[in-house]
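As provided, run04.cif (mmCIF, C-alpha atoms) reads as follows.
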```
data_entry
#
loop_
_atom_site.label_atom_id
_atom_site.label_comp_id
_atom_site.auth_asym_id
_atom_site.auth_seq_id
_atom_site.Cartn_x
_atom_site.Cartn_y
_atom_site.Cartn_z
CA MET R 1 28.71 -1.74 12.37
CA ASP R 2 29.69 1.37 14.27
CA GLY R 3 30.43 1.47 17.96
CA GLY R 4 31.99 4.92 18.31
CA SER R 5 31.23 7.09 21.30
CA SER R 6 31.32 10.55 19.71
CA VAL R 7 28.34 11.79 17.71
CA VAL R 8 28.88 13.37 14.30
CA ALA R 9 26.73 15.99 12.64
CA VAL R 10 24.84 13.60 10.39
CA ARG R 11 21.24 13.74 9.32
CA ILE R 12 19.11 10.69 10.11
CA ARG R 13 16.06 10.48 7.86
CA PRO R 14 13.58 7.81 6.71
CA LEU R 15 14.80 5.52 3.94
CA LEU R 16 12.69 6.09 0.83
CA PRO R 17 12.10 3.96 -2.30
CA ASP R 18 14.56 6.13 -4.23
CA ASP R 19 17.29 5.13 -1.73
CA VAL R 20 17.09 1.38 -2.43
CA ALA R 21 19.95 1.12 -4.93
CA ALA R 22 22.30 3.35 -2.90
CA ALA R 23 21.46 1.48 0.31
CA HIS R 24 22.40 -1.84 -1.24
CA GLU R 25 25.64 -0.49 -2.72
CA LEU R 26 26.68 0.94 0.65
CA SER R 27 25.82 -2.29 2.44
CA PHE R 28 27.67 -4.52 -0.03
CA ALA R 29 30.80 -2.36 -0.02
CA THR R 30 30.88 -2.21 3.79
CA PHE R 31 30.52 -5.94 4.36
CA ALA R 32 32.97 -6.72 1.55
CA ALA R 33 35.53 -4.55 3.35
CA LEU R 34 34.81 -6.40 6.61
CA ASP R 35 35.18 -9.80 4.93
CA GLU R 36 38.52 -8.77 3.46
CA SER R 37 39.77 -7.45 6.80
CA VAL R 38 39.08 -10.74 8.60
CA GLY R 39 40.25 -13.05 5.82
CA GLU R 40 36.82 -14.17 4.67
CA PRO R 41 36.17 -14.64 0.93
CA VAL R 42 34.86 -11.44 -0.65
CA PRO R 43 31.75 -12.21 -2.72
CA GLU R 44 31.58 -11.10 -6.32
CA HIS R 45 29.13 -8.27 -6.89
CA THR R 46 27.17 -10.01 -9.63
CA GLU R 47 23.91 -8.85 -11.15
CA GLU R 48 22.10 -11.54 -9.17
CA VAL R 49 23.67 -10.34 -5.91
CA ARG R 50 22.62 -6.80 -6.74
CA ARG R 51 19.04 -7.83 -7.54
CA ARG R 52 18.72 -9.85 -4.34
CA GLY R 53 20.26 -7.11 -2.22
CA GLU R 54 18.00 -4.43 -3.62
CA ALA R 55 14.97 -6.70 -3.24
CA ARG R 56 15.75 -7.10 0.48
CA VAL R 57 15.96 -3.34 1.00
CA ARG R 58 12.86 -2.69 -1.11
CA HIS R 59 10.84 -5.34 0.73
CA LEU R 60 11.60 -4.05 4.22
CA GLN R 61 11.23 -0.40 3.24
CA ALA R 62 7.74 -1.26 1.98
CA THR R 63 6.61 -3.50 4.85
CA ASP R 64 8.37 -1.70 7.74
CA PRO R 65 9.08 1.93 6.80
CA GLY R 66 9.25 2.86 10.48
CA GLY R 67 12.37 0.74 10.87
CA ALA R 68 14.13 1.93 7.69
CA TRP R 69 16.58 4.84 8.07
CA VAL R 70 19.44 6.50 6.24
CA ALA R 71 22.31 8.53 7.70
CA GLU R 72 23.56 11.37 5.51
CA ASP R 73 26.71 13.43 5.81
CA GLY R 74 26.73 16.44 3.51
CA GLY R 75 23.89 14.93 1.49
CA ARG R 76 25.84 11.68 0.95
CA PRO R 77 24.50 8.41 2.43
CA VAL R 78 26.97 7.01 4.97
CA GLY R 79 24.77 4.55 6.85
CA VAL R 80 21.61 2.45 6.55
CA THR R 81 19.45 0.46 8.93
CA LEU R 82 16.45 -1.83 8.36
CA ALA R 83 14.28 -3.35 11.09
CA SER R 84 11.05 -5.34 10.98
CA ARG R 85 8.20 -6.20 13.35
CA ARG R 86 6.46 -9.54 13.02
CA GLY R 87 3.94 -9.82 15.81
CA PRO R 88 5.82 -9.49 19.11
CA LEU R 89 9.26 -10.00 17.49
CA TRP R 90 11.50 -7.09 16.49
CA PHE R 91 14.33 -7.99 14.14
CA LEU R 92 17.27 -5.91 12.93
CA SER R 93 17.87 -6.89 9.32
CA LEU R 94 20.67 -4.44 8.57
CA LEU R 95 22.88 -1.88 10.29
CA THR R 96 25.78 -0.70 8.20
CA VAL R 97 28.00 2.37 8.16
CA ALA R 98 30.49 3.15 5.39
CA PRO R 99 34.09 2.47 6.47
CA ALA R 100 35.04 6.17 6.20
CA GLY R 101 32.22 7.08 8.58
CA GLN R 102 32.72 4.42 11.24
CA GLY R 103 33.82 5.18 14.78
CA ARG R 104 31.97 8.50 14.95
CA GLY R 105 28.60 7.53 16.50
CA THR R 106 26.58 7.14 13.30
CA GLY R 107 25.77 3.51 14.06
CA ARG R 108 24.35 4.39 17.46
CA LEU R 109 22.08 7.03 15.94
CA LEU R 110 20.81 4.56 13.34
CA LEU R 111 20.24 1.81 15.91
CA ASP R 112 18.39 4.20 18.20
CA ALA R 113 16.12 5.19 15.30
CA ALA R 114 15.40 1.57 14.38
CA LEU R 115 14.74 0.60 18.01
CA ARG R 116 11.80 2.99 18.19
CA THR R 117 9.71 0.26 16.56
CA ALA R 118 10.79 -2.18 19.30
CA GLU R 119 9.40 -0.23 22.25
CA ASP R 120 6.45 -2.60 22.81
CA ALA R 121 8.08 -5.74 21.40
CA GLY R 122 8.16 -8.82 23.57
CA ALA R 123 11.37 -10.07 21.96
CA ALA R 124 14.19 -8.72 19.82
CA LEU R 125 16.78 -10.48 17.66
CA ILE R 126 19.87 -9.40 15.71
CA CYS R 127 22.01 -11.65 13.51
CA SER R 128 25.39 -9.97 13.90
CA SER R 129 28.68 -10.13 12.06
CA GLU R 130 31.91 -10.54 13.99
CA ASP R 131 32.65 -6.80 13.81
CA PRO R 132 33.65 -5.85 17.38
CA ARG R 133 32.10 -2.39 17.05
CA ALA R 134 28.74 -3.91 16.16
CA LEU R 135 28.92 -6.34 19.08
CA HIS R 136 29.80 -3.51 21.46
CA ARG R 137 26.89 -1.43 20.19
CA TYR R 138 24.36 -4.25 20.61
CA GLY R 139 25.67 -5.18 24.03
CA SER R 140 25.50 -1.56 25.14
CA ALA R 141 21.89 -1.44 23.94
CA GLY R 142 20.95 -4.23 26.35
CA PHE R 143 21.21 -7.25 24.05
CA ALA R 144 22.71 -10.52 25.28
CA LEU R 145 25.38 -11.82 22.91
CA GLN R 146 25.43 -15.49 21.89
CA PRO R 147 28.48 -16.61 19.85
CA ALA R 148 27.55 -18.62 16.76
CA PHE R 149 29.20 -20.84 14.16
CA ARG R 150 29.26 -20.39 10.40
CA ALA R 151 29.86 -23.48 8.27
CA ARG R 152 31.07 -23.13 4.71
CA GLY R 153 32.24 -25.85 2.37
CA THR R 154 31.24 -28.56 -0.07
CA VAL R 155 29.05 -31.42 1.11
CA GLU R 156 30.54 -34.87 0.68
CA ARG R 157 27.58 -36.54 -0.98
CA ALA R 158 28.56 -40.00 0.24
CA ARG R 159 28.25 -38.79 3.83
CA LEU R 160 24.65 -37.58 3.47
CA PRO R 161 22.51 -39.76 5.75
CA THR R 162 19.15 -41.09 4.69
CA VAL R 163 16.28 -39.13 6.24
CA ASP R 164 12.54 -39.20 5.72
CA GLY R 165 9.44 -37.29 6.70
CA VAL R 166 10.31 -34.23 4.58
CA ARG R 167 8.25 -33.16 1.59
CA GLU R 168 8.42 -30.42 -1.00
CA GLY R 169 6.35 -27.50 0.22
CA SER R 170 4.44 -24.77 -1.54
CA PHE R 171 5.00 -21.11 -0.72
CA ASP R 172 1.30 -20.53 -1.46
CA ASP R 173 -0.46 -23.62 -0.14
CA ASP R 174 1.68 -24.02 3.02
CA ARG R 175 1.65 -20.36 4.06
CA ASP R 176 -0.64 -20.90 7.05
CA LEU R 177 1.36 -23.95 8.15
CA VAL R 178 4.63 -22.01 8.03
CA ASP R 179 3.18 -19.14 10.06
CA ALA R 180 1.73 -21.54 12.64
CA LEU R 181 5.08 -23.32 13.02
CA ALA R 182 6.97 -20.03 13.21
CA VAL R 183 4.69 -18.84 16.00
CA GLU R 184 5.09 -22.14 17.84
CA VAL R 185 8.91 -22.21 17.58
CA ARG R 186 10.08 -18.59 17.51
CA GLY R 187 7.01 -16.86 18.94
CA ALA R 188 6.18 -14.79 15.86
CA PRO R 189 4.79 -15.37 12.35
CA VAL R 190 6.82 -15.08 9.16
CA GLY R 191 4.18 -12.97 7.47
CA PRO R 192 5.19 -11.13 4.28
CA ASP R 193 8.80 -12.28 4.55
CA LEU R 194 7.76 -15.62 3.06
CA ASP R 195 6.95 -13.77 -0.16
CA ALA R 196 10.43 -12.23 -0.16
CA SER R 197 11.97 -15.69 0.21
CA ALA R 198 9.75 -17.16 -2.50
CA ALA R 199 10.79 -14.42 -4.93
CA VAL R 200 14.44 -15.56 -4.95
CA PRO R 201 15.07 -17.55 -8.15
CA GLY R 202 15.25 -21.26 -7.41
CA ALA R 203 13.97 -20.94 -3.83
CA ARG R 204 12.31 -24.04 -2.36
CA LEU R 205 10.21 -24.66 0.72
CA LEU R 206 10.68 -27.90 2.65
CA VAL R 207 8.13 -29.16 5.17
CA ALA R 208 8.62 -31.87 7.80
CA GLU R 209 5.56 -33.73 9.02
CA GLY R 210 5.22 -36.99 10.88
CA ALA R 211 6.02 -38.83 14.07
CA GLN R 212 9.50 -37.26 14.26
CA GLY R 213 8.01 -33.77 14.52
CA ARG R 214 7.08 -30.84 12.32
CA GLY R 215 8.99 -27.98 10.78
CA TYR R 216 9.89 -25.98 7.70
CA ALA R 217 13.00 -24.69 5.97
CA VAL R 218 13.71 -22.48 2.98
CA VAL R 219 16.46 -23.48 0.54
CA ARG R 220 17.76 -20.61 -1.54
CA GLY R 221 21.06 -19.53 -2.98
CA SER R 222 23.73 -21.63 -1.27
CA SER R 223 22.06 -21.99 2.11
CA VAL R 224 19.17 -23.41 4.14
CA ARG R 225 17.53 -20.54 6.03
CA PRO R 226 15.43 -20.01 7.98
CA LEU R 227 14.73 -23.36 9.61
CA ALA R 228 12.27 -23.96 12.44
CA ALA R 229 11.14 -27.26 13.89
CA THR R 230 9.36 -28.68 16.90
CA THR R 231 11.97 -31.39 17.52
CA PRO R 232 15.70 -31.90 16.87
CA ALA R 233 14.85 -34.96 14.71
CA ALA R 234 12.64 -32.92 12.39
CA ALA R 235 15.22 -30.11 12.27
CA ARG R 236 18.00 -32.56 11.38
CA ALA R 237 15.90 -34.08 8.59
CA LEU R 238 15.17 -30.63 7.16
CA LEU R 239 18.79 -29.48 7.26
CA VAL R 240 20.11 -32.70 5.69
CA THR R 241 17.45 -32.60 2.96
CA GLY R 242 18.14 -28.95 2.26
CA LEU R 243 21.92 -29.43 2.03
CA ALA R 244 21.40 -32.44 -0.24
CA ALA R 245 19.47 -30.18 -2.63
CA LEU R 246 22.40 -27.75 -3.02
CA ASP R 247 25.34 -28.02 -5.39
CA GLY R 248 28.80 -26.56 -4.88
CA GLU R 249 29.77 -24.60 -1.80
CA VAL R 250 27.12 -24.31 0.90
CA THR R 251 26.78 -22.06 3.94
CA VAL R 252 25.03 -22.69 7.26
CA ASP R 253 24.84 -19.55 9.40
CA PHE R 254 24.10 -18.63 13.01
CA VAL R 255 24.46 -22.02 14.66
CA THR R 256 24.67 -21.31 18.39
CA GLY R 257 25.83 -23.70 21.09
CA GLY R 258 22.19 -24.30 21.92
CA GLN R 259 21.61 -25.89 18.50
CA GLN R 260 23.63 -29.06 19.02
CA TRP R 261 21.44 -30.96 16.56
CA ALA R 262 22.86 -28.66 13.83
CA VAL R 263 26.42 -29.00 15.14
CA GLY R 264 25.96 -32.75 14.85
CA VAL R 265 24.96 -32.46 11.18
CA LEU R 266 27.99 -30.28 10.42
CA LEU R 267 30.28 -32.81 12.10
CA GLU R 268 28.64 -35.73 10.34
CA LEU R 269 29.07 -34.09 6.94
CA ARG R 270 32.57 -32.82 7.78
CA LEU R 271 31.62 -29.26 6.91
CA PRO R 272 34.24 -26.88 8.33
CA PHE R 273 32.84 -24.28 10.71
CA ARG R 274 34.17 -21.40 12.79
CA PRO R 275 32.72 -19.15 15.54
CA VAL R 276 32.62 -15.96 13.47
CA GLU R 277 29.05 -14.75 14.07
CA SER R 278 26.76 -13.87 16.96
CA LEU R 279 23.11 -13.58 17.85
CA ALA R 280 22.13 -10.58 19.93
CA VAL R 281 18.88 -11.20 21.80
CA ARG R 282 16.47 -9.52 24.20
CA GLY R 283 13.68 -11.73 25.49
CA PHE R 284 14.11 -14.11 22.55
CA ALA R 285 14.19 -17.83 23.36
CA PRO R 286 12.88 -20.23 20.70
CA THR R 287 10.99 -23.22 22.07
CA GLY R 288 12.39 -25.55 19.41
CA PRO R 289 15.32 -25.89 17.00
CA TYR R 290 15.77 -22.68 15.05
CA LEU R 291 18.27 -21.31 12.52
CA PRO R 292 17.40 -17.70 11.65
CA ASP R 293 17.66 -15.98 8.31
CA GLY R 294 20.10 -13.08 8.52
CA ALA R 295 17.82 -10.92 6.36
CA TYR R 296 14.40 -11.62 7.90
CA GLY R 297 14.96 -13.41 11.20
#
```
Conversion result in structure tokens:
Amino acid sequence: MDGGSSVVAVRIRPLLPDDVAAAHELSFATFAALDESVGEPVPEHTEEVRRRGEARVRHLQATDPGGAWVAEDGGRPVGVTLASRRGPLWFLSLLTVAPAGQGRGTGRLLLDAALRTAEDAGAALICSSEDPRALHRYGSAGFALQPAFRARGTVERARLPTVDGVREGSFDDDRDLVDALAVEVRGAPVGPDLDASAAVPGARLLVAEGAQGRGYAVVRGSSVRPLAATTPAAARALLVTGLAALDGEVTVDFVTGGQQWAVGVLLELRLPFRPVESLAVRGFAPTGPYLPDGAYG
């Protein structure tokens, strides 16, 4: 989240297991400040939010240490980045710089460090916030920017259409199926990130199979993500089924103009949505309907 042009005297070093708690705290505080600045609701920093945030950092530090970096200024962490490689796909899970350190080039140094693991990648993807400095940084790094919608609201249960062809999946038994579908739709397997999703309390896997097409979706927290399908009909059935399984306020993220099947569901359910996000892509073009997960792609 830093698009400054001048470079500060910061130290960029690998993120280590001992940095997990501090990395989450820095990330949460930075994005909370961004939410407040743009009028978005600021999430409460509950124990569950802390556990999930630290689990994300811990997971990617363990699976992809080459993409995990910390920026220090005077021995104090002022920035963090996390990036993963799944087959030919490079994904930036996190790039955050503390508000006091933004505008001084720290974000560019962190992004450059993370991009070292993308040198032989066939495709690259970033799920970006609306921060203009972040968008400028990704665009300057050669990524194409695709504006995206975020929907947030309460589902009117009476408006939920009847869909079929979706079953309850198993994170263990359907692992090979999920990887095969992910490769078919997004060009890369899910791999160990499925374990990270399964570890979230209450997480569910949905699987679509039948004449309408195939696909999968993960329901966790207040959202349905990721979602990948071979046809719009299967994707629609998965999203509707996932939203029907959630209570209270729900969120659907990173719906680009190319995902009109998802826009149609949002309109049908009267979920309010706004263009407040972006995807930044290099060589990434899913062959079927796809809603990425902001943490794992």
**Q.** Answer key for the PyMOL selection byres ((chain R and resi 247) around 12), residues as a list in words
**A.** Gly153, Thr154, Val155, Glu156, Arg157, Val219, Arg220, Gly221, Ser222, Ser223, Gly242, Leu243, Ala244, Ala245, Leu246, Gly248, Glu249, Val250 and Thr251 of chain R
Q: Give me the residues within 12 Å of Ala32 (chain R) as number ranges by chain, counting all atoms listed in the file and dropping any in the same chain fewer than 3 places off.
A: R: 24-29, 35-45, 96, 98-99, 129
Q | Which of R:Arg152, R:Gly210, R:Leu89, R:Val80 sits closest to Leu271 (chain R) [using all atoms listed in the file] | A |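 For Leu271 (chain R), the nearest of the candidates is R:Arg152.
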Q. So how far away is CA of Ala68 (chain R) from CA of Glu48 (chain R), in Å?
A. 23.0 Å
(Q) Between CA of Glu168 (chain R) and CA of Ala198 (chain R), what is the distance in Å, rounded to a tenth? (A) 13.4 Å
Q.
I'd like the neighbourhood of Leu82 (chain R) as a count of residues only, where a residue qualifies if any of its atoms comes within 9 Å (using only C-alpha atoms), though same-chain residues fewer than 5 positions away should be ignored.
A. 16
Q | Nearest-residue call for Ile126 (chain R), choices R:Gly87, R:Asp173, R:Thr106, R:Pro147, using only C-alpha atoms | A | R:Pro147
Q.
On this structure, the PyMOL selection byres ((chain R and resi 295) around 12) would catch which residues? List them as an MDAnalysis selection string, sorted by chain and number.
A. chainID R and resid 52:57 59:60 81:84 91:95 125:128 193:194 196:197 225:226 253:254 292:294 296:297
Q. What do you get, as a ChimeraX atom specification, if you spell out every residue that the PyMOL selection byres ((chain R and resi 188) around 7) selects here?
A. /R:86-89,182-183,186-187,189-190
(Q) Between CA of Val178 (chain R) and CA of Tyr290 (chain R), what distance in Å does the model show, to one decimal? (A) 13.2 Å
Q: Write out as a list of chain:residue names each polymer residue whose atoms come within 6 Å of Gly79 (chain R), counting all atoms listed in the file; drop sequence neighbours fewer than 6 positions from it.
A: R:Val70, R:Ala71, R:Thr96, R:Val97
Q: Between R:Ala285, R:Gly139, R:Arg150, R:Ala118, single out the one closest to Glu184 (chain R), counting all atoms listed in the file.
A: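 With all atoms listed in the file as the atom set, the closest residue is R:Ala285.
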